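A short write-up of the structure that comes next.
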Amino acid sequence: GGSVTGAPFDAERNVKCLDAPGFNRFIYSGNFLKTLKKRAQFQLDRHCNGDPLTSAFDFPRVMEATSIGEFDDAFIARVYGFESNIDYYRKNSCYYFLKGVAVPLFIINAGDDPFFDPDFFPIEEGVDGNG
């Protein structure tokens, strides 16, 4: 069998929780976005000779991003070769791969984790269907 903590079942759904108005966006996402922008600046300086017009990612859009979704579309998707943030989310969300797990799998996610939609826990996708 296997076990995992913090499983991102559906990143496309989760980013909507992160980017929704309210506490998560104001406190958590806002601070996280500041950190991500600093990291993008570091990457620009280190790998792109500080050129804000680099083709590696859309630096102006990164710096103008007001949500995690916008950042992911301008930076993550471009750097890692995805068509968009939605393409990235769909190809990296474990929900789409659960049916292929051939051994019992124990998954623990915190109910108050701001990264995850608290109403989405696909127990029915378990190996035995009983969670």
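Chain lettering (A, B, ...) mirrors the order of the structure tokens, residue numbering begins at 1 for each chain separately, and ligand numbering begins at 1 in order of display.
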Do you know which residues are at most 9 Å from Gly69 of chain A counting only C-alpha atoms, after dropping those on the same chain fewer than 4 positions away, and could you put them as a PDB file with N, CA and C atoms, in the first residue's frame?
```pdb
ATOM      1  N   GLU A  12      -7.294  22.696 -10.285  1.00  0.00           N
ATOM      2  CA  GLU A  12      -8.155  23.679 -10.947  1.00  0.00           C
ATOM      3  C   GLU A  12      -9.267  24.133  -9.994  1.00  0.00           C
ATOM      4  N   VAL A  15      -7.500  26.148  -6.871  1.00  0.00           N
ATOM      5  CA  VAL A  15      -7.048  27.520  -7.084  1.00  0.00           C
ATOM      6  C   VAL A  15      -8.213  28.495  -6.955  1.00  0.00           C
ATOM      7  N   LYS A  16      -9.410  28.031  -7.235  1.00  0.00           N
ATOM      8  CA  LYS A  16     -10.584  28.888  -7.058  1.00  0.00           C
ATOM      9  C   LYS A  16     -10.787  29.223  -5.583  1.00  0.00           C
ATOM     10  N   LEU A  18      -8.268  29.360  -3.364  1.00  0.00           N
ATOM     11  CA  LEU A  18      -7.170  30.278  -3.048  1.00  0.00           C
ATOM     12  C   LEU A  18      -7.439  31.684  -3.546  1.00  0.00           C
ATOM     13  N   ASP A  19      -8.038  31.784  -4.710  1.00  0.00           N
ATOM     14  CA  ASP A  19      -8.231  33.085  -5.351  1.00  0.00           C
ATOM     15  C   ASP A  19      -9.573  33.745  -5.030  1.00  0.00           C
ATOM     16  N   ALA A  65       0.322  40.061 -11.657  1.00  0.00           N
ATOM     17  CA  ALA A  65      -0.621  39.051 -11.172  1.00  0.00           C
ATOM     18  C   ALA A  65      -1.208  39.453  -9.823  1.00  0.00           C
ATOM     19  N   ASP A  73      -0.442  30.972 -14.627  1.00  0.00           N
ATOM     20  CA  ASP A  73      -0.584  31.082 -16.077  1.00  0.00           C
ATOM     21  C   ASP A  73       0.620  31.791 -16.696  1.00  0.00           C
ATOM     22  N   ALA A  74       1.113  32.830 -16.043  1.00  0.00           N
ATOM     23  CA  ALA A  74       2.215  33.622 -16.595  1.00  0.00           C
ATOM     24  C   ALA A  74       3.583  33.003 -16.351  1.00  0.00           C
ATOM     25  N   ASN A  85      -2.384  27.716 -17.306  1.00  0.00           N
ATOM     26  CA  ASN A  85      -2.498  27.241 -15.928  1.00  0.00           C
ATOM     27  C   ASN A  85      -3.518  26.108 -15.824  1.00  0.00           C
ATOM     28  N   ILE A  86      -4.579  26.159 -16.600  1.00  0.00           N
ATOM     29  CA  ILE A  86      -5.597  25.103 -16.574  1.00  0.00           C
ATOM     30  C   ILE A  86      -5.007  23.779 -17.061  1.00  0.00           C
TER      31      ILE A  86
END
```
Filtered DSSP result for chain A, state alpha helix (DSSP H), as a VMD selection string: chain A and resid 11 to 19 23 30 to 47 59 to 64 68 to 71 77 to 79 85 to 92
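Neighbouring residues of Asp113 of chain A at 12 Å or closer, counting only C-alpha atoms and skipping chain neighbours under 2 positions away, are A:Thr5, A:Gly6, A:Ala7, A:Pro8, A:Asn14, A:Cys17, A:Leu18, A:Asn24, A:Tyr28, A:Ile108, A:Asn109, A:Ala110, A:Gly111, A:Phe115, A:Phe116, A:Asp117, A:Pro118, A:Asp119.
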Can I get the selected residues back with N, CA and C atoms, as a PDB file, in the first residue's frame?
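Result file follows (part.pdb):
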```pdb
ATOM      1  N   THR A   5       0.297  12.665   2.242  1.00  0.00           N
ATOM      2  CA  THR A   5      -0.364  13.786   2.900  1.00  0.00           C
ATOM      3  C   THR A   5      -0.368  14.967   1.937  1.00  0.00           C
ATOM      4  N   GLY A   6      -1.370  15.796   2.049  1.00  0.00           N
ATOM      5  CA  GLY A   6      -1.452  16.996   1.209  1.00  0.00           C
ATOM      6  C   GLY A   6      -1.628  16.678  -0.263  1.00  0.00           C
ATOM      7  N   ALA A   7      -2.520  15.767  -0.587  1.00  0.00           N
ATOM      8  CA  ALA A   7      -2.725  15.364  -1.977  1.00  0.00           C
ATOM      9  C   ALA A   7      -3.573  16.402  -2.720  1.00  0.00           C
ATOM     10  N   PRO A   8      -3.040  16.985  -3.781  1.00  0.00           N
ATOM     11  CA  PRO A   8      -3.809  17.977  -4.554  1.00  0.00           C
ATOM     12  C   PRO A   8      -4.771  17.284  -5.524  1.00  0.00           C
ATOM     13  N   ASN A  14      -9.048  23.780  -6.654  1.00  0.00           N
ATOM     14  CA  ASN A  14      -8.391  24.345  -5.481  1.00  0.00           C
ATOM     15  C   ASN A  14      -7.988  25.802  -5.678  1.00  0.00           C
ATOM     16  N   CYS A  17     -10.465  28.283  -4.695  1.00  0.00           N
ATOM     17  CA  CYS A  17     -10.547  28.552  -3.253  1.00  0.00           C
ATOM     18  C   CYS A  17      -9.460  29.547  -2.845  1.00  0.00           C
ATOM     19  N   LEU A  18      -8.268  29.360  -3.364  1.00  0.00           N
ATOM     20  CA  LEU A  18      -7.170  30.278  -3.048  1.00  0.00           C
ATOM     21  C   LEU A  18      -7.439  31.684  -3.546  1.00  0.00           C
ATOM     22  N   ASN A  24      -8.646  33.670   2.666  1.00  0.00           N
ATOM     23  CA  ASN A  24      -7.567  32.986   1.948  1.00  0.00           C
ATOM     24  C   ASN A  24      -6.837  33.916   0.995  1.00  0.00           C
ATOM     25  N   TYR A  28      -3.557  34.619   3.073  1.00  0.00           N
ATOM     26  CA  TYR A  28      -2.682  33.539   2.630  1.00  0.00           C
ATOM     27  C   TYR A  28      -2.183  33.752   1.200  1.00  0.00           C
ATOM     28  N   ILE A 108      -4.226  11.677   3.569  1.00  0.00           N
ATOM     29  CA  ILE A 108      -4.617  12.599   4.637  1.00  0.00           C
ATOM     30  C   ILE A 108      -4.443  14.024   4.127  1.00  0.00           C
ATOM     31  N   ASN A 109      -5.530  14.779   4.180  1.00  0.00           N
ATOM     32  CA  ASN A 109      -5.496  16.210   3.882  1.00  0.00           C
ATOM     33  C   ASN A 109      -6.119  16.938   5.065  1.00  0.00           C
ATOM     34  N   ALA A 110      -5.553  18.061   5.432  1.00  0.00           N
ATOM     35  CA  ALA A 110      -6.112  18.863   6.515  1.00  0.00           C
ATOM     36  C   ALA A 110      -7.399  19.531   6.035  1.00  0.00           C
ATOM     37  N   GLY A 111      -8.415  19.516   6.849  1.00  0.00           N
ATOM     38  CA  GLY A 111      -9.693  20.112   6.486  1.00  0.00           C
ATOM     39  C   GLY A 111      -9.633  21.626   6.350  1.00  0.00           C
ATOM     40  N   PHE A 115      -4.987  25.489   0.603  1.00  0.00           N
ATOM     41  CA  PHE A 115      -4.695  25.045  -0.757  1.00  0.00           C
ATOM     42  C   PHE A 115      -5.797  24.175  -1.346  1.00  0.00           C
ATOM     43  N   PHE A 116      -6.656  23.611  -0.507  1.00  0.00           N
ATOM     44  CA  PHE A 116      -7.605  22.614  -0.965  1.00  0.00           C
ATOM     45  C   PHE A 116      -9.049  23.040  -0.755  1.00  0.00           C
ATOM     46  N   ASP A 117      -9.901  22.622  -1.683  1.00  0.00           N
ATOM     47  CA  ASP A 117     -11.331  22.817  -1.549  1.00  0.00           C
ATOM     48  C   ASP A 117     -11.804  21.857  -0.457  1.00  0.00           C
ATOM     49  N   PRO A 118     -12.313  22.364   0.661  1.00  0.00           N
ATOM     50  CA  PRO A 118     -12.688  21.477   1.770  1.00  0.00           C
ATOM     51  C   PRO A 118     -13.887  20.578   1.457  1.00  0.00           C
ATOM     52  N   ASP A 119     -14.607  20.876   0.398  1.00  0.00           N
ATOM     53  CA  ASP A 119     -15.784  20.087   0.044  1.00  0.00           C
ATOM     54  C   ASP A 119     -15.493  19.000  -0.984  1.00  0.00           C
TER      55      ASP A 119
END
```
Among segment 24-129 of chain A, which residues carry a DSSP assignment of strand (DSSP E or B), reported as a compact mmCIF listing (two decimals) with N, CA, C and O atoms, in the first residue's frame?
```txt
# COMPACT_ATOMS: atom_id res chain seq x y z
N LEU A 105 -4.43 2.83 -0.76
CA LEU A 105 -3.79 4.14 -0.64
C LEU A 105 -4.47 4.92 0.48
O LEU A 105 -5.69 5.07 0.49
N PHE A 106 -3.69 5.40 1.43
CA PHE A 106 -4.18 6.17 2.55
C PHE A 106 -3.80 7.62 2.31
O PHE A 106 -2.61 7.94 2.17
N ILE A 107 -4.80 8.50 2.25
CA ILE A 107 -4.57 9.92 1.95
C ILE A 107 -5.07 10.76 3.10
O ILE A 107 -6.21 10.59 3.54
N ILE A 108 -4.23 11.68 3.57
CA ILE A 108 -4.62 12.60 4.64
C ILE A 108 -4.44 14.02 4.13
O ILE A 108 -3.36 14.41 3.69
```
Among listed residues A:Leu36, A:Ala77, A:Asn49, A:Gly1, nearest Ala102 of chain A (using only C-alpha atoms): A:Gly1
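Here the question is which of A:Ile76, A:Ala20, A:Val4, A:Ala11 gets nearest to Lys37 of chain A using only C-alpha atoms, and that residue is A:Ile76.
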Close residues, Phe59 of chain A itself excluded, 9 Å, only C-alpha atoms, min 3 positions apart in chain, as an mmCIF file with all heavy atoms, in the first residue's frame:
```cif
data_model
loop_
_atom_site.group_PDB
_atom_site.id
_atom_site.type_symbol
_atom_site.label_atom_id
_atom_site.label_comp_id
_atom_site.auth_asym_id
_atom_site.auth_seq_id
_atom_site.Cartn_x
_atom_site.Cartn_y
_atom_site.Cartn_z
ATOM 1 N N ALA A 40 10.198 34.569 -8.912
ATOM 2 C CA ALA A 40 10.222 34.814 -10.358
ATOM 3 C C ALA A 40 11.285 35.853 -10.704
ATOM 4 O O ALA A 40 11.998 35.711 -11.707
ATOM 5 C CB ALA A 40 8.853 35.267 -10.850
ATOM 6 N N GLN A 41 11.418 36.890 -9.872
ATOM 7 C CA GLN A 41 12.465 37.895 -10.093
ATOM 8 C C GLN A 41 13.841 37.252 -10.004
ATOM 9 O O GLN A 41 14.724 37.523 -10.819
ATOM 10 C CB GLN A 41 12.346 39.023 -9.065
ATOM 11 C CG GLN A 41 13.404 40.104 -9.221
ATOM 12 C CD GLN A 41 13.234 40.934 -10.474
ATOM 13 O OE1 GLN A 41 12.188 41.535 -10.681
ATOM 14 N NE2 GLN A 41 14.252 40.977 -11.327
ATOM 15 N N LEU A 44 14.418 35.283 -13.139
ATOM 16 C CA LEU A 44 14.696 36.204 -14.241
ATOM 17 C C LEU A 44 16.151 36.662 -14.185
ATOM 18 O O LEU A 44 16.866 36.629 -15.194
ATOM 19 C CB LEU A 44 13.763 37.417 -14.178
ATOM 20 C CG LEU A 44 13.956 38.440 -15.292
ATOM 21 C CD1 LEU A 44 13.275 37.943 -16.568
ATOM 22 C CD2 LEU A 44 13.395 39.789 -14.884
ATOM 23 N N ASP A 51 16.458 40.052 -18.195
ATOM 24 C CA ASP A 51 15.695 40.606 -19.311
ATOM 25 C C ASP A 51 14.188 40.424 -19.085
ATOM 26 O O ASP A 51 13.671 39.320 -19.197
ATOM 27 C CB ASP A 51 16.104 39.910 -20.608
ATOM 28 C CG ASP A 51 15.356 40.419 -21.825
ATOM 29 O OD1 ASP A 51 14.583 41.398 -21.695
ATOM 30 O OD2 ASP A 51 15.528 39.829 -22.908
ATOM 31 N N PRO A 52 13.464 41.514 -18.787
ATOM 32 C CA PRO A 52 12.027 41.379 -18.527
ATOM 33 C C PRO A 52 11.218 40.974 -19.763
ATOM 34 O O PRO A 52 10.053 40.616 -19.649
ATOM 35 C CB PRO A 52 11.623 42.768 -18.036
ATOM 36 C CG PRO A 52 12.652 43.687 -18.571
ATOM 37 C CD PRO A 52 13.925 42.883 -18.670
ATOM 38 N N LEU A 53 11.839 40.988 -20.919
ATOM 39 C CA LEU A 53 11.159 40.567 -22.146
ATOM 40 C C LEU A 53 11.546 39.145 -22.549
ATOM 41 O O LEU A 53 11.340 38.735 -23.687
ATOM 42 C CB LEU A 53 11.456 41.550 -23.276
ATOM 43 C CG LEU A 53 11.014 42.992 -23.010
ATOM 44 C CD1 LEU A 53 11.412 43.902 -24.171
ATOM 45 C CD2 LEU A 53 9.526 43.065 -22.744
ATOM 46 N N THR A 54 12.093 38.394 -21.599
ATOM 47 C CA THR A 54 12.490 37.018 -21.856
ATOM 48 C C THR A 54 11.343 36.199 -22.446
ATOM 49 O O THR A 54 10.172 36.480 -22.176
ATOM 50 C CB THR A 54 12.979 36.339 -20.551
ATOM 51 O OG1 THR A 54 13.363 34.993 -20.855
ATOM 52 C CG2 THR A 54 11.896 36.318 -19.493
ATOM 53 N N SER A 55 11.684 35.204 -23.221
ATOM 54 C CA SER A 55 10.657 34.307 -23.757
ATOM 55 C C SER A 55 10.414 33.122 -22.810
ATOM 56 O O SER A 55 9.515 32.321 -23.050
ATOM 57 C CB SER A 55 11.073 33.799 -25.140
ATOM 58 O OG SER A 55 12.281 33.056 -25.039
ATOM 59 N N ALA A 56 11.201 33.025 -21.735
ATOM 60 C CA ALA A 56 11.058 31.903 -20.802
ATOM 61 C C ALA A 56 9.730 31.944 -20.055
ATOM 62 O O ALA A 56 9.147 30.911 -19.738
ATOM 63 C CB ALA A 56 12.213 31.888 -19.813
ATOM 64 N N VAL A 62 3.612 38.285 -14.705
ATOM 65 C CA VAL A 62 3.926 37.749 -13.378
ATOM 66 C C VAL A 62 3.850 38.869 -12.347
ATOM 67 O O VAL A 62 3.215 38.737 -11.297
ATOM 68 C CB VAL A 62 5.331 37.102 -13.356
ATOM 69 C CG1 VAL A 62 5.819 36.890 -11.938
ATOM 70 C CG2 VAL A 62 5.332 35.787 -14.119
ATOM 71 N N MET A 63 4.489 39.979 -12.643
ATOM 72 C CA MET A 63 4.547 41.069 -11.681
ATOM 73 C C MET A 63 3.196 41.777 -11.508
ATOM 74 O O MET A 63 2.937 42.371 -10.475
ATOM 75 C CB MET A 63 5.634 42.064 -12.070
ATOM 76 C CG MET A 63 7.023 41.432 -12.121
ATOM 77 S SD MET A 63 7.445 40.381 -10.691
ATOM 78 C CE MET A 63 7.771 41.627 -9.474
ATOM 79 N N GLU A 64 2.332 41.668 -12.502
ATOM 80 C CA GLU A 64 0.990 42.268 -12.415
ATOM 81 C C GLU A 64 -0.039 41.306 -11.839
ATOM 82 O O GLU A 64 -1.171 41.713 -11.555
ATOM 83 C CB GLU A 64 0.535 42.725 -13.802
ATOM 84 C CG GLU A 64 1.348 43.878 -14.363
ATOM 85 C CD GLU A 64 1.054 44.162 -15.839
ATOM 86 O OE1 GLU A 64 0.141 43.514 -16.401
ATOM 87 O OE2 GLU A 64 1.747 45.001 -16.410
ATOM 88 N N ALA A 74 1.113 32.830 -16.043
ATOM 89 C CA ALA A 74 2.215 33.622 -16.595
ATOM 90 C C ALA A 74 3.583 33.003 -16.351
ATOM 91 O O ALA A 74 4.495 33.183 -17.157
ATOM 92 C CB ALA A 74 2.181 35.036 -16.006
ATOM 93 N N PHE A 75 3.739 32.267 -15.255
ATOM 94 C CA PHE A 75 5.061 31.740 -14.902
ATOM 95 C C PHE A 75 5.132 30.217 -14.971
ATOM 96 O O PHE A 75 5.837 29.662 -15.797
ATOM 97 C CB PHE A 75 5.475 32.220 -13.505
ATOM 98 C CG PHE A 75 6.870 31.809 -13.122
ATOM 99 C CD1 PHE A 75 7.966 32.514 -13.598
ATOM 100 C CD2 PHE A 75 7.087 30.717 -12.309
ATOM 101 C CE1 PHE A 75 9.262 32.129 -13.250
ATOM 102 C CE2 PHE A 75 8.373 30.324 -11.957
ATOM 103 C CZ PHE A 75 9.461 31.034 -12.431
#
```
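Checking A:Gln43, A:Thr66, A:Ser3, A:Ser84 one by one against Asn31 of chain A, counting only C-alpha atoms, you find the shortest gap at A:Thr66.
Each of A:Asp112, A:Thr35, A:His47, A:Pro122 was checked against Tyr96 of chain A using only C-alpha atoms; the smallest atom-to-atom distance is that of A:Pro122.
The space separating atom CA of Cys48 of chain A from atom CA of Asp72 of chain A comes to 18.4 Å.
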